[in-house]
file query.txt (compact mmCIF, C-alpha atoms)
# COMPACT_ATOMS: atom_id res chain seq x y z
CA MET A 1 -2.48 -0.02 15.52
CA LYS A 2 -4.68 0.26 12.46
CA ILE A 3 -3.19 -0.50 9.06
CA THR A 4 -5.11 0.29 5.90
CA LEU A 5 -4.32 -0.85 2.38
CA LEU A 6 -5.87 1.70 0.06
CA THR A 7 -5.75 0.46 -3.51
CA VAL A 8 -7.09 1.10 -7.00
CA GLY A 9 -9.16 -1.62 -8.63
CA LYS A 10 -10.58 -4.93 -7.54
CA ILE A 11 -8.84 -8.27 -7.25
CA LYS A 12 -10.33 -10.65 -9.78
CA GLU A 13 -7.94 -13.58 -9.56
CA LYS A 14 -8.87 -16.20 -6.97
CA PHE A 15 -5.26 -17.03 -6.08
CA TYR A 16 -4.50 -13.39 -5.17
CA ARG A 17 -7.67 -13.18 -3.06
CA GLN A 18 -6.69 -16.38 -1.24
CA ALA A 19 -3.21 -15.07 -0.48
CA ILE A 20 -4.64 -11.77 0.77
CA GLU A 21 -7.13 -13.61 2.99
CA GLU A 22 -4.31 -15.70 4.48
CA PHE A 23 -2.33 -12.61 5.48
CA GLN A 24 -5.47 -10.93 6.79
CA LYS A 25 -5.91 -13.90 9.15
CA ARG A 26 -2.27 -13.81 10.24
CA LEU A 27 -2.29 -10.05 10.83
CA LYS A 28 -5.38 -10.09 13.11
CA ARG A 29 -3.05 -10.89 15.98
CA TYR A 30 -0.98 -7.73 15.44
CA CYS A 31 -3.19 -4.96 14.08
CA LYS A 32 -6.59 -3.94 12.85
CA LEU A 33 -6.35 -4.33 9.08
CA GLU A 34 -8.65 -2.61 6.62
CA LEU A 35 -8.60 -3.14 2.86
CA ILE A 36 -10.20 -0.43 0.72
CA GLU A 37 -10.53 -0.69 -3.04
CA ALA A 38 -11.27 2.49 -5.00
CA ALA A 39 -12.65 2.16 -8.52
CA ASP A 40 -10.17 2.32 -11.36
CA GLU A 41 -10.58 4.31 -14.57
CA LYS A 42 -10.71 2.67 -17.96
CA THR A 43 -7.63 3.51 -20.01
CA PRO A 44 -8.32 3.92 -23.72
CA ASP A 45 -6.09 2.37 -26.36
CA CYS A 46 -3.25 4.77 -27.24
CA PRO A 47 -4.16 7.42 -24.65
CA SER A 48 -2.75 10.93 -24.90
CA ALA A 49 -0.62 12.40 -22.14
CA ARG A 50 -3.61 14.54 -21.13
CA GLN A 51 -5.87 11.48 -20.88
CA LEU A 52 -3.30 9.68 -18.73
CA GLU A 53 -3.07 12.68 -16.41
CA GLN A 54 -6.86 12.84 -16.14
CA ILE A 55 -7.03 9.16 -15.24
CA LEU A 56 -4.40 9.59 -12.52
CA GLN A 57 -6.26 12.66 -11.24
CA LYS A 58 -9.62 10.86 -11.01
CA GLU A 59 -8.14 7.82 -9.30
CA GLY A 60 -6.21 10.09 -6.94
CA GLU A 61 -9.40 11.95 -5.98
CA ARG A 62 -11.12 8.65 -5.24
CA LEU A 63 -8.23 7.51 -3.06
CA ASN A 64 -8.00 10.83 -1.22
CA LYS A 65 -11.60 10.47 -0.05
CA TYR A 66 -10.48 7.63 2.21
CA ILE A 67 -7.46 9.35 3.73
CA ARG A 68 -7.99 11.07 7.06
CA ALA A 69 -5.89 13.97 8.32
CA GLN A 70 -4.43 11.87 11.15
CA ASP A 71 -3.36 8.98 8.89
CA TYR A 72 0.31 8.42 8.28
CA VAL A 73 0.33 7.82 4.53
CA VAL A 74 2.87 5.58 2.83
CA ALA A 75 2.72 5.79 -0.96
CA LEU A 76 4.11 2.82 -2.86
CA VAL A 77 5.94 4.38 -5.79
CA ILE A 78 8.86 3.22 -7.89
CA GLU A 79 10.85 6.37 -7.03
CA GLY A 80 10.38 5.90 -3.28
CA GLN A 81 12.98 4.78 -0.75
CA GLN A 82 13.87 1.11 -0.67
CA LEU A 83 14.00 -0.59 2.72
CA ASP A 84 14.90 -4.09 3.72
CA SER A 85 12.48 -6.07 5.90
CA GLN A 86 14.28 -5.16 9.12
CA GLN A 87 14.13 -1.44 8.27
CA LEU A 88 10.42 -1.63 7.41
CA SER A 89 9.78 -3.36 10.72
CA GLU A 90 11.70 -0.66 12.58
CA LYS A 91 9.79 2.08 10.73
CA ILE A 92 6.40 0.60 11.64
CA GLN A 93 7.43 0.05 15.25
CA THR A 94 8.89 3.57 15.56
CA LEU A 95 5.72 5.11 14.17
CA GLY A 96 3.69 3.21 16.77
CA LEU A 97 6.00 4.22 19.60
CA ASN A 98 5.78 7.85 18.50
CA GLY A 99 1.98 7.83 18.74
CA THR A 100 0.94 7.00 15.18
CA SER A 101 -2.16 4.85 15.47
CA SER A 102 -3.11 4.64 11.80
CA ILE A 103 -0.86 3.84 8.83
CA THR A 104 -2.35 3.90 5.33
CA PHE A 105 -0.40 2.22 2.53
CA VAL A 106 -1.52 3.43 -0.90
CA ILE A 107 -1.10 1.35 -4.05
CA GLY A 108 -2.10 2.96 -7.33
CA GLY A 109 -3.47 1.34 -10.44
CA SER A 110 -1.60 0.47 -13.61
CA LEU A 111 -0.56 4.11 -14.13
CA GLY A 112 0.64 4.67 -10.58
CA LEU A 113 -0.38 7.52 -8.26
CA SER A 114 -1.24 11.15 -8.93
CA ASN A 115 1.29 13.83 -8.04
CA GLU A 116 -1.16 15.27 -5.49
CA LEU A 117 -1.34 11.96 -3.67
CA LYS A 118 2.43 11.59 -3.70
CA LYS A 119 2.72 15.07 -2.17
CA ARG A 120 0.18 14.15 0.52
CA ALA A 121 2.19 11.06 1.45
CA ASP A 122 4.25 11.20 4.63
CA TYR A 123 6.62 8.62 3.17
CA CYS A 124 7.28 7.17 -0.30
CA LEU A 125 8.26 3.50 -0.32
CA SER A 126 9.59 1.43 -3.21
CA PHE A 127 9.86 -2.33 -3.22
CA SER A 128 11.98 -2.36 -6.36
CA LYS A 129 12.80 -0.43 -9.49
CA MET A 130 10.90 -3.16 -11.32
CA THR A 131 7.20 -2.84 -12.05
CA PHE A 132 4.81 -5.33 -10.43
CA PRO A 133 1.11 -5.91 -11.09
CA HIS A 134 -0.81 -3.90 -8.50
CA GLN A 135 -2.75 -7.04 -7.53
CA LEU A 136 0.47 -8.89 -6.72
CA MET A 137 1.84 -5.85 -4.90
CA ARG A 138 -0.99 -6.13 -2.37
CA VAL A 139 0.11 -9.66 -1.50
CA ILE A 140 3.78 -8.66 -1.29
CA LEU A 141 2.96 -5.68 0.92
CA LEU A 142 0.77 -7.70 3.28
CA GLU A 143 3.48 -10.33 3.58
CA GLN A 144 6.06 -7.67 4.43
CA ILE A 145 3.77 -6.06 7.02
CA TYR A 146 3.27 -9.48 8.60
CA ARG A 147 7.03 -10.09 8.46
CA SER A 148 7.57 -6.69 10.13
CA PHE A 149 5.45 -7.64 13.12
CA ARG A 150 7.18 -11.03 13.37
CA ILE A 151 10.59 -9.34 13.30
CA ALA A 152 9.50 -6.94 16.03
CA GLU A 153 8.52 -9.80 18.33
CA GLY A 154 11.72 -11.72 17.59
CA ALA A 155 9.96 -14.61 15.86
CA PRO A 156 11.91 -16.87 13.49
CA TYR A 157 9.53 -16.32 10.53
CA HIS A 158 11.60 -13.60 8.90
CA LYS A 159 14.76 -15.66 8.45
call {"tool": "encode", "arguments": {"input": "query.txt", "output": "structure tokens"}}
result
Amino acid sequence: MKITLLTVGKIKEKFYRQAIEEFQKRLKRYCKLELIEAADEKTPDCPSARQLEQILQKEGERLNKYIRAQDYVVALVIEGQQLDSQQLSEKIQTLGLNGTSSITFVIGGSLGLSNELKKRADYCLSFSKMTFPHQLMRVILLEQIYRSFRIAEGAPYHK
């Protein structure tokens, strides 16, 4: 199975990069992992609603360029469905058993994701009603994907 993390912006902090690299190493055993970073838009001070919408639109267009028709797209959005680790594991395993070979998780920038991208998503996932930095969300997501594979094989890691 191929899993792609499609995100807005680059990771600048060394500690986030190190955590991401650790989970990349761990996940090699279970899937082909690809990390794609699309450029983010600069947000002006005190932006208007129109400017915010334009930023979301531009970032959404950049992200959409990397999504293929056959990808199962999971958008990480605050209004998505919340799953526990066991349920996420079951979802990933079920997708694989049903012939899905490519899952793309999409994490937006500081403003979130465009409405068009949310509509394109096959599934909307929320980790919490709280807001997290998108850099940290990458680490959390990778850890949960790793946990999902460990749960599926019955390993003790998830407990």
call {"tool": "atom_distance", "arguments": {"input": "query.txt", "atom1": "atom CA of A:Arg68", "atom2": "atom CA of A:Leu117"}}
result
12.7 Å
call {"tool": "closest_atom_pairs", "arguments": {"input": "query.txt", "of": "stretch 27-85 of chain A", "to": "stretch 102-107 of chain A", "cutoff": "8 Å", "atoms": "only C-alpha atoms", "output": "tab-separated table"}}
result
residue	atom	partner	partner_atom	distance
A:Ile67	CA	A:Thr104	CA	7.6
A:Gln70	CA	A:Ser102	CA	7.4
A:Asp71	CA	A:Ser102	CA	5.2
A:Tyr72	CA	A:Ile103	CA	4.8
A:Val73	CA	A:Thr104	CA	4.8
A:Val74	CA	A:Phe105	CA	4.7
A:Ala75	CA	A:Val106	CA	4.9
A:Leu76	CA	A:Ile107	CA	5.5
A:Val77	CA	A:Ile107	CA	7.9
call {"tool": "write_last_selection", "arguments": {"input": "query.txt", "atoms": "C-alpha atoms", "output": "JSON list (two decimals), in the frame of the given file"}}
result
[["chain", "number", "residue", "atom", "x", "y", "z"],
["A", 67, "ILE", "CA", -7.46, 9.35, 3.73],
["A", 70, "GLN", "CA", -4.43, 11.87, 11.15],
["A", 71, "ASP", "CA", -3.36, 8.98, 8.89],
["A", 72, "TYR", "CA", 0.31, 8.42, 8.28],
["A", 73, "VAL", "CA", 0.33, 7.82, 4.53],
["A", 74, "VAL", "CA", 2.87, 5.58, 2.83],
["A", 75, "ALA", "CA", 2.72, 5.79, -0.96],
["A", 76, "LEU", "CA", 4.11, 2.82, -2.86],
["A", 77, "VAL", "CA", 5.94, 4.38, -5.79]]
call {"tool": "residues_around", "arguments": {"input": "query.txt", "residues": "A:Glu37", "least_positions_apart": "6", "cutoff": "8 Å", "atoms": "only C-alpha atoms", "output": "PyMOL selection string"}}
result
chain A and resi 6-10
call {"tool": "atom_distance", "arguments": {"input": "query.txt", "atom1": "atom CA of A:Tyr123", "atom2": "atom CA of A:Thr94"}}
result
13.6 Å
call {"tool": "residues_around", "arguments": {"input": "query.txt", "residues": "A:Cys31", "least_positions_apart": "3", "cutoff": "6 Å", "atoms": "only C-alpha atoms", "output": "number ranges by chain"}}
result
A: 1-2, 28
call {"tool": "residues_around", "arguments": {"input": "query.txt", "residues": "stretch 143-157 of chain A", "least_positions_apart": "5", "cutoff": "8 Å", "atoms": "only C-alpha atoms", "output": "JSON, numbers by chain"}}
result
{"A": [23, 26, 27, 30, 85, 86, 88, 89, 90, 92, 93]}
call {"tool": "atom_distance", "arguments": {"input": "query.txt", "atom1": "atom CA of A:Thr4", "atom2": "atom CA of A:Glu61"}}
result
17.2 Å
call {"tool": "closest_residue", "arguments": {"input": "query.txt", "among": "A:Gln135, A:Ser114, A:Ser126, A:Gln51", "to": "A:Arg17", "atoms": "only C-alpha atoms"}}
result
A:Gln135
call {"tool": "closest_residue", "arguments": {"input": "query.txt", "among": "A:Phe15, A:Leu111, A:Arg62, A:Glu116", "to": "A:Lys42", "atoms": "all atoms listed in the file"}}
result
A:Leu111
call {"tool": "closest_residue", "arguments": {"input": "query.txt", "among": "A:Leu5, A:Lys118, A:Ala38, A:His134", "to": "A:Leu63", "atoms": "only C-alpha atoms"}}
result
A:Ala38
call {"tool": "closest_residue", "arguments": {"input": "query.txt", "among": "A:Glu21, A:Asp40, A:Glu53, A:Asp84", "to": "A:Arg138", "atoms": "all atoms listed in the file"}}
result
A:Glu21
call {"tool": "axis_aligned_box", "arguments": {"input": "query.txt", "around": "stretch 149-158 of chain A", "padding_each_side": "5 Å", "output": "lines of an AutoDock Vina configuration file"}}
result
center_x = 8.7
center_y = -11.9
center_z = 13.6
size_x = 16.5
size_y = 19.9
size_z = 19.4
call {"tool": "decode", "arguments": {"input": "query.txt", "residues": "stretch 52-98 of chain A", "atoms": "N, CA and C atoms", "output": "PDB file, in the first residue's frame"}}
result
ATOM      1  N   LEU A  52      -8.661  35.754   2.443  1.00  0.00           N
ATOM      2  CA  LEU A  52      -8.557  34.428   3.055  1.00  0.00           C
ATOM      3  C   LEU A  52      -9.049  33.346   2.096  1.00  0.00           C
ATOM      4  N   GLU A  53     -10.161  33.618   1.431  1.00  0.00           N
ATOM      5  CA  GLU A  53     -10.705  32.655   0.465  1.00  0.00           C
ATOM      6  C   GLU A  53      -9.743  32.445  -0.704  1.00  0.00           C
ATOM      7  N   GLN A  54      -9.115  33.504  -1.153  1.00  0.00           N
ATOM      8  CA  GLN A  54      -8.151  33.402  -2.254  1.00  0.00           C
ATOM      9  C   GLN A  54      -6.935  32.566  -1.850  1.00  0.00           C
ATOM     10  N   ILE A  55      -6.484  32.751  -0.619  1.00  0.00           N
ATOM     11  CA  ILE A  55      -5.349  31.970  -0.122  1.00  0.00           C
ATOM     12  C   ILE A  55      -5.712  30.491  -0.081  1.00  0.00           C
ATOM     13  N   LEU A  56      -6.868  30.172   0.484  1.00  0.00           N
ATOM     14  CA  LEU A  56      -7.320  28.779   0.527  1.00  0.00           C
ATOM     15  C   LEU A  56      -7.431  28.203  -0.879  1.00  0.00           C
ATOM     16  N   GLN A  57      -7.956  28.987  -1.800  1.00  0.00           N
ATOM     17  CA  GLN A  57      -8.128  28.549  -3.191  1.00  0.00           C
ATOM     18  C   GLN A  57      -6.777  28.218  -3.830  1.00  0.00           C
ATOM     19  N   LYS A  58      -5.807  29.110  -3.671  1.00  0.00           N
ATOM     20  CA  LYS A  58      -4.479  28.895  -4.269  1.00  0.00           C
ATOM     21  C   LYS A  58      -3.792  27.670  -3.664  1.00  0.00           C
ATOM     22  N   GLU A  59      -3.855  27.552  -2.347  1.00  0.00           N
ATOM     23  CA  GLU A  59      -3.238  26.384  -1.715  1.00  0.00           C
ATOM     24  C   GLU A  59      -3.955  25.111  -2.145  1.00  0.00           C
ATOM     25  N   GLY A  60      -5.279  25.170  -2.246  1.00  0.00           N
ATOM     26  CA  GLY A  60      -6.048  24.013  -2.692  1.00  0.00           C
ATOM     27  C   GLY A  60      -5.686  23.582  -4.099  1.00  0.00           C
ATOM     28  N   GLU A  61      -5.491  24.543  -4.989  1.00  0.00           N
ATOM     29  CA  GLU A  61      -5.086  24.230  -6.368  1.00  0.00           C
ATOM     30  C   GLU A  61      -3.723  23.549  -6.392  1.00  0.00           C
ATOM     31  N   ARG A  62      -2.819  24.039  -5.568  1.00  0.00           N
ATOM     32  CA  ARG A  62      -1.481  23.418  -5.492  1.00  0.00           C
ATOM     33  C   ARG A  62      -1.573  21.976  -4.992  1.00  0.00           C
ATOM     34  N   LEU A  63      -2.384  21.764  -3.964  1.00  0.00           N
ATOM     35  CA  LEU A  63      -2.546  20.411  -3.433  1.00  0.00           C
ATOM     36  C   LEU A  63      -3.195  19.487  -4.448  1.00  0.00           C
ATOM     37  N   ASN A  64      -4.224  19.974  -5.122  1.00  0.00           N
ATOM     38  CA  ASN A  64      -4.955  19.148  -6.095  1.00  0.00           C
ATOM     39  C   ASN A  64      -4.069  18.628  -7.219  1.00  0.00           C
ATOM     40  N   LYS A  65      -3.015  19.338  -7.538  1.00  0.00           N
ATOM     41  CA  LYS A  65      -2.099  18.897  -8.602  1.00  0.00           C
ATOM     42  C   LYS A  65      -1.449  17.554  -8.290  1.00  0.00           C
ATOM     43  N   TYR A  66      -1.371  17.229  -7.010  1.00  0.00           N
ATOM     44  CA  TYR A  66      -0.716  15.991  -6.592  1.00  0.00           C
ATOM     45  C   TYR A  66      -1.680  14.835  -6.367  1.00  0.00           C
ATOM     46  N   ILE A  67      -2.965  15.098  -6.455  1.00  0.00           N
ATOM     47  CA  ILE A  67      -3.959  14.054  -6.200  1.00  0.00           C
ATOM     48  C   ILE A  67      -4.352  13.389  -7.511  1.00  0.00           C
ATOM     49  N   ARG A  68      -4.225  12.071  -7.536  1.00  0.00           N
ATOM     50  CA  ARG A  68      -4.598  11.305  -8.720  1.00  0.00           C
ATOM     51  C   ARG A  68      -6.029  10.794  -8.569  1.00  0.00           C
ATOM     52  N   ALA A  69      -6.653  10.499  -9.683  1.00  0.00           N
ATOM     53  CA  ALA A  69      -8.050  10.043  -9.678  1.00  0.00           C
ATOM     54  C   ALA A  69      -8.226   8.784  -8.828  1.00  0.00           C
ATOM     55  N   GLN A  70      -7.259   7.895  -8.827  1.00  0.00           N
ATOM     56  CA  GLN A  70      -7.390   6.625  -8.110  1.00  0.00           C
ATOM     57  C   GLN A  70      -7.042   6.722  -6.627  1.00  0.00           C
ATOM     58  N   ASP A  71      -6.570   7.877  -6.161  1.00  0.00           N
ATOM     59  CA  ASP A  71      -6.218   8.030  -4.752  1.00  0.00           C
ATOM     60  C   ASP A  71      -7.466   8.101  -3.884  1.00  0.00           C
ATOM     61  N   TYR A  72      -7.398   7.421  -2.766  1.00  0.00           N
ATOM     62  CA  TYR A  72      -8.430   7.573  -1.734  1.00  0.00           C
ATOM     63  C   TYR A  72      -7.947   8.725  -0.865  1.00  0.00           C
ATOM     64  N   VAL A  73      -8.706   9.812  -0.855  1.00  0.00           N
ATOM     65  CA  VAL A  73      -8.265  11.040  -0.197  1.00  0.00           C
ATOM     66  C   VAL A  73      -8.932  11.199   1.164  1.00  0.00           C
ATOM     67  N   VAL A  74      -8.092  11.373   2.180  1.00  0.00           N
ATOM     68  CA  VAL A  74      -8.553  11.634   3.539  1.00  0.00           C
ATOM     69  C   VAL A  74      -8.131  13.060   3.892  1.00  0.00           C
ATOM     70  N   ALA A  75      -9.113  13.932   4.056  1.00  0.00           N
ATOM     71  CA  ALA A  75      -8.839  15.320   4.419  1.00  0.00           C
ATOM     72  C   ALA A  75      -8.874  15.455   5.935  1.00  0.00           C
ATOM     73  N   LEU A  76      -7.832  16.021   6.510  1.00  0.00           N
ATOM     74  CA  LEU A  76      -7.828  16.280   7.946  1.00  0.00           C
ATOM     75  C   LEU A  76      -8.448  17.650   8.177  1.00  0.00           C
ATOM     76  N   VAL A  77      -9.647  17.632   8.722  1.00  0.00           N
ATOM     77  CA  VAL A  77     -10.403  18.860   8.969  1.00  0.00           C
ATOM     78  C   VAL A  77     -11.079  18.758  10.330  1.00  0.00           C
ATOM     79  N   ILE A  78     -11.206  19.888  10.972  1.00  0.00           N
ATOM     80  CA  ILE A  78     -11.755  19.914  12.337  1.00  0.00           C
ATOM     81  C   ILE A  78     -13.185  19.378  12.385  1.00  0.00           C
ATOM     82  N   GLU A  79     -13.939  19.550  11.291  1.00  0.00           N
ATOM     83  CA  GLU A  79     -15.330  19.105  11.266  1.00  0.00           C
ATOM     84  C   GLU A  79     -15.486  17.655  10.794  1.00  0.00           C
ATOM     85  N   GLY A  80     -14.366  16.959  10.590  1.00  0.00           N
ATOM     86  CA  GLY A  80     -14.422  15.574  10.149  1.00  0.00           C
ATOM     87  C   GLY A  80     -14.844  14.624  11.255  1.00  0.00           C
ATOM     88  N   GLN A  81     -14.895  13.347  10.921  1.00  0.00           N
ATOM     89  CA  GLN A  81     -15.284  12.319  11.890  1.00  0.00           C
ATOM     90  C   GLN A  81     -14.086  11.961  12.759  1.00  0.00           C
ATOM     91  N   GLN A  82     -14.336  11.808  14.044  1.00  0.00           N
ATOM     92  CA  GLN A  82     -13.281  11.404  14.968  1.00  0.00           C
ATOM     93  C   GLN A  82     -13.292   9.890  15.125  1.00  0.00           C
ATOM     94  N   LEU A  83     -12.111   9.295  15.031  1.00  0.00           N
ATOM     95  CA  LEU A  83     -11.944   7.855  15.206  1.00  0.00           C
ATOM     96  C   LEU A  83     -10.942   7.607  16.319  1.00  0.00           C
ATOM     97  N   ASP A  84     -11.092   6.475  16.983  1.00  0.00           N
ATOM     98  CA  ASP A  84     -10.019   6.097  17.894  1.00  0.00           C
ATOM     99  C   ASP A  84      -8.976   5.319  17.082  1.00  0.00           C
ATOM    100  N   SER A  85      -7.872   4.970  17.700  1.00  0.00           N
ATOM    101  CA  SER A  85      -6.776   4.318  16.985  1.00  0.00           C
ATOM    102  C   SER A  85      -7.194   2.986  16.377  1.00  0.00           C
ATOM    103  N   GLN A  86      -7.985   2.227  17.097  1.00  0.00           N
ATOM    104  CA  GLN A  86      -8.477   0.940  16.597  1.00  0.00           C
ATOM    105  C   GLN A  86      -9.328   1.145  15.347  1.00  0.00           C
ATOM    106  N   GLN A  87     -10.201   2.132  15.364  1.00  0.00           N
ATOM    107  CA  GLN A  87     -11.071   2.400  14.209  1.00  0.00           C
ATOM    108  C   GLN A  87     -10.261   2.874  13.002  1.00  0.00           C
ATOM    109  N   LEU A  88      -9.245   3.697  13.232  1.00  0.00           N
ATOM    110  CA  LEU A  88      -8.403   4.140  12.123  1.00  0.00           C
ATOM    111  C   LEU A  88      -7.669   2.947  11.521  1.00  0.00           C
ATOM    112  N   SER A  89      -7.170   2.072  12.363  1.00  0.00           N
ATOM    113  CA  SER A  89      -6.505   0.864  11.885  1.00  0.00           C
ATOM    114  C   SER A  89      -7.447   0.026  11.030  1.00  0.00           C
ATOM    115  N   GLU A  90      -8.664  -0.173  11.519  1.00  0.00           N
ATOM    116  CA  GLU A  90      -9.652  -0.955  10.773  1.00  0.00           C
ATOM    117  C   GLU A  90      -9.976  -0.289   9.434  1.00  0.00           C
ATOM    118  N   LYS A  91     -10.070   1.038   9.418  1.00  0.00           N
ATOM    119  CA  LYS A  91     -10.379   1.759   8.182  1.00  0.00           C
ATOM    120  C   LYS A  91      -9.266   1.545   7.160  1.00  0.00           C
ATOM    121  N   ILE A  92      -8.024   1.702   7.576  1.00  0.00           N
ATOM    122  CA  ILE A  92      -6.902   1.520   6.655  1.00  0.00           C
ATOM    123  C   ILE A  92      -6.855   0.079   6.147  1.00  0.00           C
ATOM    124  N   GLN A  93      -7.037  -0.880   7.045  1.00  0.00           N
ATOM    125  CA  GLN A  93      -6.993  -2.280   6.638  1.00  0.00           C
ATOM    126  C   GLN A  93      -8.152  -2.626   5.698  1.00  0.00           C
ATOM    127  N   THR A  94      -9.339  -2.121   5.980  1.00  0.00           N
ATOM    128  CA  THR A  94     -10.502  -2.370   5.123  1.00  0.00           C
ATOM    129  C   THR A  94     -10.292  -1.780   3.735  1.00  0.00           C
ATOM    130  N   LEU A  95      -9.746  -0.582   3.674  1.00  0.00           N
ATOM    131  CA  LEU A  95      -9.469   0.030   2.370  1.00  0.00           C
ATOM    132  C   LEU A  95      -8.524  -0.864   1.565  1.00  0.00           C
ATOM    133  N   GLY A  96      -7.470  -1.357   2.221  1.00  0.00           N
ATOM    134  CA  GLY A  96      -6.534  -2.240   1.537  1.00  0.00           C
ATOM    135  C   GLY A  96      -7.185  -3.524   1.067  1.00  0.00           C
ATOM    136  N   LEU A  97      -8.008  -4.122   1.907  1.00  0.00           N
ATOM    137  CA  LEU A  97      -8.686  -5.367   1.542  1.00  0.00           C
ATOM    138  C   LEU A  97      -9.691  -5.168   0.409  1.00  0.00           C
ATOM    139  N   ASN A  98     -10.220  -3.954   0.309  1.00  0.00           N
ATOM    140  CA  ASN A  98     -11.186  -3.656  -0.753  1.00  0.00           C
ATOM    141  C   ASN A  98     -10.521  -3.153  -2.033  1.00  0.00           C
TER     142      ASN A  98
END
